[in-house]
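Enquirer: Sharing a structure, written as structure tokens. Questions coming.
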Amino acid sequence: LRTDLNDPSLTSEDRKELQLELDETKAAQIARENEIYQETVTQQQEEMVSLSETLAKYSSDERPEVQARLSIYQAENQFIQAQVEAAEQAKTSEEKNYLLEQAAERQERLNDQLSMQITEEKQRSIEKDEQVVLVSREQLEQRRRSFSVQIGELNTELIRVDREIEKARKKDLPALQTQRATLLSQRSILELQLEEVEQRLATWPTKEETIGDGALELEISYNEERGVATSDKYQDYFNLANEALEVEQQIAKLESELKGEQDAVNVLLSDPSVQAQDEEIRMHVRRIKELQGEIDGLSIDLVQRRYAAEQVLPTDREEAMRMQNLVLRGIQPIKTAVLATALLQMPSTGLAINENAPSTYSVENPIPVDVESPTGLYYRVQIGAFAKPIPQDLFKEFVPVSGEKINGSNITRYMAGFFNNSNTVVEARDQIRALGYADAFVVAYCDGERIQFGEARRREQEGTCVAKGSNELMMEVAVNTAEKLGLPLTSEVKEVPEHTYNNVQGAAKADPIEMKQGLFYTVQIGVFNRVVGPEYTYGMEELMTVRLPNGQVRYASGMFNSVEEAMPRRQKALNNGVVGAFVTAYYKGERISLAEADRLLQENGRSILQSEIEKSTEVIVAIEEPQVLVPRNDTIKGTSALPVEVKQVDQLIQIVSREQFDEFPRDVLNRYNAEGNFYYDARDKRVKSVIYDNVDDLPRLWNFRNDIDTVYIAFGDMS
């Protein structure tokens, strides 16, 4: 009707009729809204009576505050009823509409407070009776933030009411003073709840880490890294710190499960039909007690292991942080046995599978046969037995492989991998069968004696034949194999050019960006704790790397003359599974923003491009790069002892309001800050979140999803 009224060709009579129809429609709309509000308030008040009766059951000498809160809730309910009565006496439909809407909103908020209070009392009762914890630190912090915001809103409302009282006529004062008393009561409830949350958080145990993130902020050159990795102290610290980190990971896994159980209980507790679900709650509570017991036991073990690791750290803080940096990035100690592991491409996890890699074994580097067996219990996967010599690249899909001659025959049986438990060897067997080796089966040894798989599992469970740790097992295999093949075992590490960091056996072929002085665009595909094999590079070609000051390695694909040329490569990376692949630019071996790259091109022309520099280079000097011996850290597909790829922090994320605000939007900020950290940017008049480097960390703003946008900020474009 409003659209029709905007028609300039309307006659005055038509316009009058349309306006009359619009007025009637608006009046009907308001009347229907009033009916809905009235029904809503009635239903909510009935619910409020039921909630109050439920909450009253938790009132006791030990919980006198429950009765105090009930009194405050009753006072608020009386104020709401007064609003409803005032609405009935309203002179206009519009006034009635306003009063009923206010009453419905207040009643809904009151019922929400009652429901939350009931859930908290149920939690408190179970926690006391069962000696468990049903809330996580994150949930308590969320409550603290929510209560703080609500208190802020009430303070704003109190300021408004106080101003109205100063100007009010005598007849309006009682209603305003009642409203003020209600607001003060509501604030008292929230302040008490906030105080309880603060007290729980104050006694919450501080969560410490074996190695803080500060170690990854330390700058360490490639040669410094190799020097640290060869020291005896690092060998000791690496073993002890990794033992602590493994316990830390176990605790984190249990804590994740614990939070899931706590959430399940809290969902059930907030359900009005909770009586029918008591058994399900008890089941979750039992599991919570079990998990808390396991976490407490592991926490004691973790303290002891951390202490043992800290005792071997150097007293020099910088030297200690270098060691911690290497451990966090999974850099193995470069000792005699590890050098042998590198020479033989021995994966620290027992087996590396790569269908597309060239064969590790050849005529010059044959599959070793009759190598001395390691001590203790271990498992392998038998992949074939032959009476005649085999091609040395027959088993090119995996490493290590070795042979064993059967006494009294001309048959040699070939086996892959070395495993210290029955679960991982079964996983490896299944993966090998999937490659086409349908007859592959598990074999087991105890101190060099071949035994049945079932017998090995029995001894493993009983502890009558003990397996070594995976690293210790592979080191012993590497040394035995190197001695069999007559390979040198030296622990001396010579200084090498810094740009040779990715010249490692088993690493994906990549050019060091540090050696390129021109300007070019490329597609970043990941940041890793160390150089990696081709199995981690998403099938991307034309790889390039740059070693970061903290030792991490940034991988990119392709060298292009413009953003437009690089976009198809970016799309390929996304299609291959690279999350967040993006185009970036480099100049003189350093990454720069796209805006800076465009400026350089405009000022210097195409002659600055790396492709042009390479074209104009008439003499190519071959640089002999020494082979750097660093152990591989490959894993069986689907398993990993330490994370290899680190989260990309080069593309940042921010939540921004769609609407612009001419004045400071206090109410909007209060609502948003109940879920996260937001501020008002006066430059463009929008509400914005703090900047995040991980989409998983973004606050959950489902209720405001139509009011906000998610903005992605490329590295170097923070302005």
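Identifiers for the structure tokens are assigned positionally: chains receive A, B, ... in sequence, residues are indexed from 1 per chain, and ligands are indexed from 1 in the order shown.
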Within 10 Å of Pro358 in chain A, counting only C-alpha atoms, which residues show up once you throw out same-chain ones fewer than 3 positions away? Write them as a CSV table (one decimal) with C-alpha atoms, in the first residue's frame, please.
Expert:
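Listed below is the output, part30.csv:
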```
chain,number,residue,atom,x,y,z
A,354,ASN,CA,54.4,-42.8,-0.8
A,355,GLU,CA,53.0,-44.3,-4.0
A,361,TYR,CA,66.4,-48.8,-3.2
A,393,ASP,CA,62.9,-51.1,-6.9
A,396,LYS,CA,59.2,-48.7,-4.2
A,397,GLU,CA,56.0,-47.6,-2.4
A,398,PHE,CA,57.4,-47.8,1.1
A,506,GLY,CA,63.1,-37.5,1.4
```
Enquirer: Find the residues around range 17-30 of chain A up to 7 Å (only C-alpha atoms counted), leave out those fewer than 2 positions away in its own chain, and share them as an NGL selection string.
Expert: :A and (1 or 5 or 13-15 or 32-34 or 93 or 97)
Enquirer: Could you dump the residues just selected with C-alpha atoms as a CSV table (one decimal), in the first residue's frame?
Expert:
```
chain,number,residue,atom,x,y,z
A,1,LEU,CA,0.0,0.0,0.0
A,5,LEU,CA,0.8,5.6,-2.5
A,13,GLU,CA,-9.7,10.4,-4.4
A,14,ASP,CA,-7.6,7.3,-5.0
A,15,ARG,CA,-4.9,8.5,-2.7
A,32,ARG,CA,-3.2,-8.6,16.3
A,33,GLU,CA,0.2,-7.9,17.7
A,34,ASN,CA,-1.5,-6.9,21.0
A,93,SER,CA,-3.7,0.8,20.6
A,97,ASN,CA,1.3,-2.2,22.0
```
Enquirer: Which neighbours of range 562-568 of chain A fall inside 10 Å, counting only C-alpha atoms, when residues of the same chain fewer than 4 positions from it are skipped, and could you give them as a PyMOL selection string?
Expert: chain A and resi 519-523+557-558+572-574+582-585+594+597-598+601+609
Enquirer: From the set A:Arg530, A:Lys388, A:Arg554, A:Arg591, which residue has the shortest atom-to-atom contact distance to Asn325 in chain A, counting only C-alpha atoms?
Expert: A:Arg530
Enquirer: Ser362 in chain A: which residues within 6 Å, counting only C-alpha atoms, same-chain residues fewer than 3 positions away excluded, as a count of residues only?
Expert: 4
Enquirer: Pick out the residues sitting within 9 Å of range 450-458 of chain A, and hand them over as a PyMOL selection string; count only C-alpha atoms, and ignore anything fewer than 6 positions along from it in its own chain.
Expert: chain A and resi 377-379+421-422+442-444+464-465
Enquirer: Store the residues picked out above in a file with N, CA and C atoms, as a PDB file, in the first residue's frame.
Expert:
```pdb
ATOM      1  N   LEU A 377      60.676 -56.729  21.714  1.00  0.00           N
ATOM      2  CA  LEU A 377      59.531 -57.141  20.898  1.00  0.00           C
ATOM      3  C   LEU A 377      59.300 -56.133  19.784  1.00  0.00           C
ATOM      4  N   TYR A 378      59.089 -56.629  18.564  1.00  0.00           N
ATOM      5  CA  TYR A 378      58.723 -55.740  17.454  1.00  0.00           C
ATOM      6  C   TYR A 378      57.941 -56.534  16.415  1.00  0.00           C
ATOM      7  N   TYR A 379      57.218 -55.792  15.578  1.00  0.00           N
ATOM      8  CA  TYR A 379      56.376 -56.384  14.544  1.00  0.00           C
ATOM      9  C   TYR A 379      56.788 -55.847  13.179  1.00  0.00           C
ATOM     10  N   ASN A 421      54.067 -52.001  18.519  1.00  0.00           N
ATOM     11  CA  ASN A 421      52.812 -52.490  19.097  1.00  0.00           C
ATOM     12  C   ASN A 421      51.941 -53.103  18.008  1.00  0.00           C
ATOM     13  N   SER A 422      51.003 -53.941  18.429  1.00  0.00           N
ATOM     14  CA  SER A 422      50.202 -54.722  17.479  1.00  0.00           C
ATOM     15  C   SER A 422      49.179 -53.880  16.734  1.00  0.00           C
ATOM     16  N   VAL A 442      51.115 -59.966   8.993  1.00  0.00           N
ATOM     17  CA  VAL A 442      51.909 -59.509  10.130  1.00  0.00           C
ATOM     18  C   VAL A 442      52.818 -60.626  10.624  1.00  0.00           C
ATOM     19  N   VAL A 443      54.071 -60.255  10.941  1.00  0.00           N
ATOM     20  CA  VAL A 443      55.002 -61.180  11.583  1.00  0.00           C
ATOM     21  C   VAL A 443      55.545 -60.493  12.838  1.00  0.00           C
ATOM     22  N   ALA A 444      56.046 -61.298  13.761  1.00  0.00           N
ATOM     23  CA  ALA A 444      56.506 -60.733  15.034  1.00  0.00           C
ATOM     24  C   ALA A 444      57.810 -61.389  15.469  1.00  0.00           C
ATOM     25  N   THR A 464      56.004 -59.882  29.125  1.00  0.00           N
ATOM     26  CA  THR A 464      57.100 -60.856  29.191  1.00  0.00           C
ATOM     27  C   THR A 464      58.122 -60.631  28.083  1.00  0.00           C
ATOM     28  N   CYS A 465      57.750 -59.843  27.069  1.00  0.00           N
ATOM     29  CA  CYS A 465      58.714 -59.394  26.053  1.00  0.00           C
ATOM     30  C   CYS A 465      58.375 -57.933  25.780  1.00  0.00           C
TER      31      CYS A 465
END
```
Enquirer: According to DSSP computed on the backbone, where in range 128-176 of chain A is there alpha helix (DSSP H)? Give the residues as a PyMOL selection string.
Expert: chain A and resi 128-130+137-167+173-176
Enquirer: Work out how far apart CA of Glu460 in chain A and CA of Val371 in chain A are and give it in Å to one decimal.
Expert: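 Interatomic distance here is 23.6 Å.
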